[in-house]
Amino acid sequence: MQSRYSVLIISITALVYSVAVLGVRTTASAADSPASISGEVKFQGTPPKPTRIDVSQDPLCAKAHSTPLTTEDILVGPDGGLANVVVYISDGLSTQTFQPPQQPAVLEQKGCQYKPHVLAVQSNQKINIINSDETTHNIHPSPVNNREWNMTQPHGMPLEKSFAREEVAVPVKCNVHPWMKGYIAVLKNPYFAVSDKEGHFSLKDLPPGSYTITAWQEKLGTSVQKITVGAGENKTLDFTFKQ
Amino acid sequence: MSNKSGLIRRVAISILIAWNVAGYAQESHVGNLVGNARRGKALYQRYCIFCHGQYGDGRGESAAYLDPKPRDFTKAAFKCRSTPSGSLPLDSDLYDTITRGIHASGMPSWKPLLRQERADLVAYVKTFSPSFQEERPGAPVEIPPEPPPSTESIQRGSELFQSMNCWSCHGKDGRGNGPSAVSLTDSKGNPIKPFDFTSGPTFKCGNTDRDMYRDLVTGLDGTPMPSFASATTADQRWDLVHYIRTLSTANRSGHILQVKGR
Ligand SMILES: [Cu+2]
């Protein structure tokens with residue numbers, strides 16, 4: 001019985017709270033000159049050499065590659081830029097809740113690899129999962145804050161999924177092809193980016209404010225910085241990771 | 001309707017839902033039995049705590065000596081369900097597992113306990129994870145009538161075993177020794193073996209054809225065994241069931257043992 005009452009109290013509190021937040025949102029949505037933060041993620045030191053992956057157990061995977069497949073856990077560009085780093089606002093956005101974008105994110109299985117290797121989405125944003133390979137994959141995320149599932153996907157089968165809660169990042173694997181590993185970062189706000197091949201990223205359309213920015217890399221961990229941007233301001237922010 | 005009364009209505013509805021879900025989580029409903037978590041707790045401490053632990057996290061005193069490890073109930077991920085992959089199990093799923101026990105594991109059958117006691121245990125097991133308060137189980141799998149096994153059905157099943165990559169885990173001849181088998185772990189990171197279909201009817205989630213059909217739809221959550229829900233049609237799943245039956249040395253009577261071209 002007691003727990004029923006506490007649930008009652010919690011739901012009332014949550015309701016009062018959400019009404020209050022909604023009220024604030026409508027009055028404060030006048031930020032008309034958005035700010036932006038862009039920069040580069042760098043790898044310091046000698047980058048590790050990607051190692052070869054043996055895909056011969058599945059001829060349909062082997063067939064898709066003329067040159068051997070290599071590991072993607074640390075990808076460093078020619079000028080030391082680090083790819084596949086998730087950069088996002090981890091603090092500073094008050095308690096505002098954000099609607100997920102209408103546009104689904106796309107995760108493709110191609111050549112028995114995940115494209116992209118690291119995908120960033122908003123919580124509850126639809127993820128359109130595609131198998132462009134001839135072989136059959138199973139896609140198996142192992143989240144901590146979200147529910148685990150494991151679906152087989154033959155070529156061409158449509159599959160749409162989403163994650164409800166923030167989590168950086170959910171490991172995803174295919175158990176049929178043990179080398180297939182990727183990540184889905186789930187963010188509760190729309191201000192995030194994944195660094196490109198040269199290590200570049202940019203966070204656009206930010207409301208002016210003071211933020212904590214976190215950069216996450218699957219092997220090298222996280223790096224955190226604080227930054228303040230005024231209305232219309234474009235600031236530069238670089239991150240450095242080493243092994 | 002004015003905006004305000006709409007809001008009041010929504011408040012009322014969400015309170016009602018929260019109330020219901022909270023009550024539901026303290027109870028279990030299996031057929032006409034209503035299990036009670038408080039009674040279940042006393043039974044749990046007597047029968048289950050050594051393996052599943054005081055906090056339901058699977059870290060009881062005997063856990064170190066067991067392989068596979070006892071289930072961690074705080075994760076609310078269960079192997080034997082009639083609900084989709086990623087969904088909570090039905091109360092009756094947990095009840096059935098507790099009744100049946102799990103082959104080739106330390107999990108005994110609790111059939112000697114009264115039906116009411118097993119329902120009480122289900123209610124208590126659900127209290128270890130908040131998921132049972134926040135979510136409802138997905139819609140249970142519908143199992144259509146089984147078509148009679150035929151040489152053609154078995155042949156189609158054998159082709160699906162190939163194209164669906166069952167062989168990469170379970171092995172070309174179903175001995176659980178496919179090329180990916182050595183790499184497999186459960187979601188706790190412990191090594192796990194794909195089922196050896198030649199070993200006879202010792203399935204974890206039940207031995208009937210319907211059980212196997214259901215496993216193909218739901219997958220075994222927390223393990224590499226995936227769901228084939230949208231990947232296969234109902235007929236294809238029966239084909240797979242018929243084929244898998246032929247791999248068993250202890251084949252049930254009434255099933256066709258020969259597969260063309262094998
Ligand atoms: Cu795969």
# chains A, B, ... in the order shown; residues from 1 in each chain; ligands from 1
call {"tool": "residues_near_ligand", "arguments": {"ligand": "ligand 1", "cutoff": "6 Å", "atoms": "only C-alpha atoms and all ligand atoms", "output": "PyMOL selection string"}}
result
chain A and resi 112+137-138+174+176-177
call {"tool": "residues_around", "arguments": {"residues": "Arg38 in chain B", "least_positions_apart": "6", "cutoff": "12 Å", "atoms": "only C-alpha atoms", "output": "list in words"}}
result
Met1 of chain A; Ala25, Gln26, Glu27, Ser28, Tyr44, Gln45, Glu117, Ala119, Asp120, Leu121, Val122, Ala123, Tyr124, Val125, Lys126 and Thr127 of chain B
call {"tool": "closest_atom_pairs", "arguments": {"of": "chain A", "to": "chain B", "cutoff": "7 Å", "atoms": "only C-alpha atoms", "output": "tab-separated table"}}
result
residue	atom	partner	partner_atom	distance
A:Arg4	CA	B:Ala22	CA	5.9
A:Val7	CA	B:Ala18	CA	6.4
A:Leu8	CA	B:Ile15	CA	6.2
A:Ser11	CA	B:Ile15	CA	6.3
A:Gln57	CA	B:Pro179	CA	6.5
A:Thr136	CA	B:Met164	CA	5.7
A:Asn138	CA	B:Pro226	CA	6.5
A:Ser142	CA	B:Ser187	CA	6.8
A:Arg147	CA	B:Gly86	CA	5.8
A:Glu148	CA	B:Gly86	CA	5.3
A:Trp149	CA	B:Gly86	CA	4.2
A:Asn150	CA	B:Pro226	CA	4.9
A:Met151	CA	B:Ser227	CA	4.8
A:Thr152	CA	B:Phe228	CA	5.4
A:Gln153	CA	B:Ala231	CA	5.8
A:Pro154	CA	B:Ala231	CA	6.2
A:Met157	CA	B:Ala231	CA	6.9
A:Asn175	CA	B:Pro224	CA	5.9
A:Val176	CA	B:Ser180	CA	6.0
A:His177	CA	B:Ser180	CA	6.8
A:Pro178	CA	B:Ser183	CA	6.5
call {"tool": "write_last_selection", "arguments": {"atoms": "N, CA, C and O atoms", "output": "short mmCIF file (atom, residue, chain, number, x, y, z; two decimals), in the first residue's frame"}}
result
data_model
loop_
_atom_site.label_atom_id
_atom_site.label_comp_id
_atom_site.auth_asym_id
_atom_site.auth_seq_id
_atom_site.Cartn_x
_atom_site.Cartn_y
_atom_site.Cartn_z
N ARG A 4 2.15 2.38 -3.17
CA ARG A 4 1.16 2.98 -4.06
C ARG A 4 1.04 4.46 -3.79
O ARG A 4 0.91 5.27 -4.68
N VAL A 7 3.98 6.35 -5.22
CA VAL A 7 3.84 6.50 -6.67
C VAL A 7 2.88 7.65 -6.97
O VAL A 7 3.10 8.47 -7.84
N LEU A 8 1.81 7.73 -6.17
CA LEU A 8 0.83 8.79 -6.35
C LEU A 8 1.50 10.15 -6.19
O LEU A 8 1.36 11.04 -7.02
N SER A 11 3.82 10.90 -9.08
CA SER A 11 3.17 11.29 -10.34
C SER A 11 2.61 12.70 -10.27
O SER A 11 2.65 13.44 -11.24
N GLN A 57 35.17 -16.87 -42.43
CA GLN A 57 34.15 -17.83 -42.00
C GLN A 57 32.84 -17.64 -42.75
O GLN A 57 32.03 -18.55 -42.85
N THR A 136 22.93 -12.93 -43.64
CA THR A 136 22.00 -12.58 -42.57
C THR A 136 22.77 -12.15 -41.33
O THR A 136 23.68 -12.85 -40.90
N ASN A 138 22.62 -10.62 -37.16
CA ASN A 138 21.72 -10.32 -36.05
C ASN A 138 22.25 -9.06 -35.39
O ASN A 138 23.46 -8.87 -35.28
N SER A 142 23.82 -4.07 -26.41
CA SER A 142 23.85 -4.45 -24.98
C SER A 142 23.90 -3.20 -24.11
O SER A 142 24.95 -2.84 -23.59
N ARG A 147 16.65 -1.18 -22.60
CA ARG A 147 16.41 -2.63 -22.65
C ARG A 147 17.20 -3.27 -23.78
O ARG A 147 17.32 -2.71 -24.86
N GLU A 148 17.69 -4.48 -23.47
CA GLU A 148 18.45 -5.23 -24.47
C GLU A 148 17.49 -5.97 -25.40
O GLU A 148 16.45 -6.46 -24.96
N TRP A 149 17.82 -6.03 -26.70
CA TRP A 149 17.07 -6.87 -27.62
C TRP A 149 18.05 -7.45 -28.63
O TRP A 149 19.21 -7.02 -28.68
N ASN A 150 17.59 -8.38 -29.43
CA ASN A 150 18.49 -9.11 -30.32
C ASN A 150 17.68 -9.63 -31.50
O ASN A 150 16.92 -10.58 -31.36
N MET A 151 17.80 -8.99 -32.66
CA MET A 151 16.96 -9.32 -33.80
C MET A 151 17.79 -9.81 -34.99
O MET A 151 18.79 -9.18 -35.35
N THR A 152 17.33 -10.88 -35.59
CA THR A 152 17.94 -11.33 -36.85
C THR A 152 17.43 -10.48 -37.99
O THR A 152 16.26 -10.12 -38.02
N GLN A 153 18.32 -10.13 -38.92
CA GLN A 153 17.92 -9.32 -40.05
C GLN A 153 18.54 -9.84 -41.35
O GLN A 153 19.69 -9.56 -41.65
N PRO A 154 17.76 -10.58 -42.14
CA PRO A 154 18.25 -10.97 -43.46
C PRO A 154 18.28 -9.75 -44.39
O PRO A 154 17.70 -8.71 -44.06
N MET A 157 15.32 -6.87 -45.02
CA MET A 157 14.23 -6.81 -44.04
C MET A 157 14.20 -5.44 -43.36
O MET A 157 15.21 -4.96 -42.88
N ASN A 175 26.33 -11.29 -33.40
CA ASN A 175 26.93 -12.49 -32.84
C ASN A 175 27.32 -13.50 -33.91
O ASN A 175 28.14 -14.38 -33.68
N VAL A 176 26.73 -13.36 -35.09
CA VAL A 176 27.07 -14.26 -36.20
C VAL A 176 28.48 -13.94 -36.71
O VAL A 176 29.24 -14.83 -37.07
N HIS A 177 28.79 -12.64 -36.76
CA HIS A 177 30.09 -12.19 -37.25
C HIS A 177 30.78 -11.45 -36.11
O HIS A 177 30.60 -10.25 -35.94
N PRO A 178 31.61 -12.19 -35.32
CA PRO A 178 32.11 -11.65 -34.06
C PRO A 178 32.91 -10.35 -34.20
O PRO A 178 33.06 -9.62 -33.23
#
call {"tool": "closest_residue", "arguments": {"among": "B:Ile244, B:Leu33, B:Ala42, B:Met212", "to": "Ile143 in chain B", "atoms": "only C-alpha atoms"}}
result
B:Met212
call {"tool": "residues_around", "arguments": {"residues": "Val76 in chain A", "least_positions_apart": "6", "cutoff": "7 Å", "atoms": "only C-alpha atoms", "output": "number ranges by chain"}}
result
A: 43, 47, 82-83
call {"tool": "write_last_selection", "arguments": {"atoms": "C-alpha atoms", "output": "mmCIF file, in the first residue's frame"}}
result
data_model
loop_
_atom_site.group_PDB
_atom_site.id
_atom_site.type_symbol
_atom_site.label_atom_id
_atom_site.label_comp_id
_atom_site.auth_asym_id
_atom_site.auth_seq_id
_atom_site.Cartn_x
_atom_site.Cartn_y
_atom_site.Cartn_z
ATOM 1 C CA PHE A 43 45.108 11.980 -31.186
ATOM 2 C CA PRO A 47 48.500 6.158 -33.748
ATOM 3 C CA LEU A 82 40.528 11.330 -34.339
ATOM 4 C CA ALA A 83 37.345 10.021 -35.979
#
call {"tool": "closest_residue", "arguments": {"among": "A:Ile130, A:His117, A:Glu72, A:Ala164", "to": "Pro48 in chain A", "atoms": "only C-alpha atoms"}}
result
A:Glu72
call {"tool": "residues_around", "arguments": {"residues": "Asn234 in chain A", "least_positions_apart": "6", "cutoff": "10 Å", "atoms": "only C-alpha atoms", "output": "list in words"}}
result
Pro34, Ala35, Ser36, Ile37, Ser38, Ser202, Leu203, Lys204 and Leu206 of chain A
call {"tool": "residues_around", "arguments": {"residues": "range 101-115 of chain B", "least_positions_apart": "6", "cutoff": "8 Å", "atoms": "only C-alpha atoms", "output": "compact mmCIF listing (two decimals) with N, CA, C and O atoms, in the first residue's frame"}}
result
# COMPACT_ATOMS: atom_id res chain seq x y z
N LEU B 66 28.52 -22.24 -10.11
CA LEU B 66 27.54 -22.58 -11.14
C LEU B 66 27.92 -22.03 -12.52
O LEU B 66 28.42 -20.93 -12.64
N ASP B 67 27.67 -22.83 -13.54
CA ASP B 67 27.83 -22.41 -14.92
C ASP B 67 26.71 -23.08 -15.72
O ASP B 67 26.67 -24.29 -15.77
N PRO B 68 25.78 -22.40 -16.31
CA PRO B 68 25.63 -20.94 -16.36
C PRO B 68 25.29 -20.33 -15.00
O PRO B 68 24.85 -21.04 -14.09
N PRO B 70 23.38 -18.07 -12.12
CA PRO B 70 21.97 -17.82 -11.82
C PRO B 70 21.53 -16.47 -12.40
O PRO B 70 22.34 -15.55 -12.50
N THR B 202 16.58 -31.43 -24.47
CA THR B 202 16.94 -30.83 -23.19
C THR B 202 16.92 -29.31 -23.32
O THR B 202 17.79 -28.62 -22.81
N PHE B 203 15.90 -28.80 -24.03
CA PHE B 203 15.82 -27.36 -24.25
C PHE B 203 15.53 -26.62 -22.96
O PHE B 203 14.84 -27.15 -22.07
N LYS B 204 16.06 -25.41 -22.87
CA LYS B 204 15.89 -24.63 -21.65
C LYS B 204 14.45 -24.15 -21.47
O LYS B 204 13.95 -24.04 -20.37
N CYS B 205 13.82 -23.81 -22.57
CA CYS B 205 12.51 -23.16 -22.47
C CYS B 205 11.38 -24.10 -22.89
O CYS B 205 10.33 -23.65 -23.36
call {"tool": "atom_distance", "arguments": {"atom1": "CA of Phe192 in chain A", "atom2": "CA of Ser123 in chain A"}}
result
12.1 Å
call {"tool": "select_by_dssp", "arguments": {"residues": "range 9-128 of chain B", "states": "strand (DSSP E)", "output": "JSON, numbers by chain"}}
result
{"B": [27, 28, 29, 30, 33, 34, 35, 36]}
call {"tool": "select_by_dssp", "arguments": {"residues": "range 14-188 of chain B", "states": "alpha helix (DSSP H)", "output": "ChimeraX atom specification"}}
result
/B:14-26,37-47,49-52,91-100,115-125,131-134,151-163,166-170
call {"tool": "residues_around", "arguments": {"residues": "Glu146 in chain B", "least_positions_apart": "6", "cutoff": "10 Å", "atoms": "only C-alpha atoms", "output": "PDB file with N, CA and C atoms, in the first residue's frame"}}
result
ATOM      1  N   ASP B 209       7.268 -28.846 -29.781  1.00  0.00           N
ATOM      2  CA  ASP B 209       7.451 -28.109 -31.035  1.00  0.00           C
ATOM      3  C   ASP B 209       6.988 -26.666 -30.875  1.00  0.00           C
ATOM      4  N   ARG B 210       5.890 -26.481 -30.132  1.00  0.00           N
ATOM      5  CA  ARG B 210       5.376 -25.130 -29.917  1.00  0.00           C
ATOM      6  C   ARG B 210       6.364 -24.271 -29.132  1.00  0.00           C
ATOM      7  N   TYR B 213       9.052 -23.266 -31.590  1.00  0.00           N
ATOM      8  CA  TYR B 213       8.500 -22.233 -32.473  1.00  0.00           C
ATOM      9  C   TYR B 213       8.531 -20.876 -31.764  1.00  0.00           C
ATOM     10  N   ALA B 234       5.633 -17.651 -40.390  1.00  0.00           N
ATOM     11  CA  ALA B 234       5.172 -18.744 -39.526  1.00  0.00           C
ATOM     12  C   ALA B 234       5.526 -20.099 -40.141  1.00  0.00           C
ATOM     13  N   ASP B 235       5.267 -20.260 -41.444  1.00  0.00           N
ATOM     14  CA  ASP B 235       5.558 -21.535 -42.102  1.00  0.00           C
ATOM     15  C   ASP B 235       7.050 -21.857 -42.038  1.00  0.00           C
ATOM     16  N   ARG B 237       9.129 -20.938 -39.770  1.00  0.00           N
ATOM     17  CA  ARG B 237       9.512 -21.351 -38.416  1.00  0.00           C
ATOM     18  C   ARG B 237       9.155 -22.813 -38.169  1.00  0.00           C
ATOM     19  N   TRP B 238       7.999 -23.238 -38.672  1.00  0.00           N
ATOM     20  CA  TRP B 238       7.662 -24.667 -38.534  1.00  0.00           C
ATOM     21  C   TRP B 238       8.636 -25.530 -39.337  1.00  0.00           C
ATOM     22  N   ASP B 239       9.053 -25.046 -40.509  1.00  0.00           N
ATOM     23  CA  ASP B 239      10.052 -25.791 -41.292  1.00  0.00           C
ATOM     24  C   ASP B 239      11.335 -25.975 -40.477  1.00  0.00           C
ATOM     25  N   VAL B 241      11.639 -25.911 -37.211  1.00  0.00           N
ATOM     26  CA  VAL B 241      11.371 -26.839 -36.102  1.00  0.00           C
ATOM     27  C   VAL B 241      11.456 -28.278 -36.603  1.00  0.00           C
ATOM     28  N   HIS B 242      10.828 -28.537 -37.757  1.00  0.00           N
ATOM     29  CA  HIS B 242      10.846 -29.901 -38.306  1.00  0.00           C
ATOM     30  C   HIS B 242      12.268 -30.344 -38.642  1.00  0.00           C
TER      31      HIS B 242
END
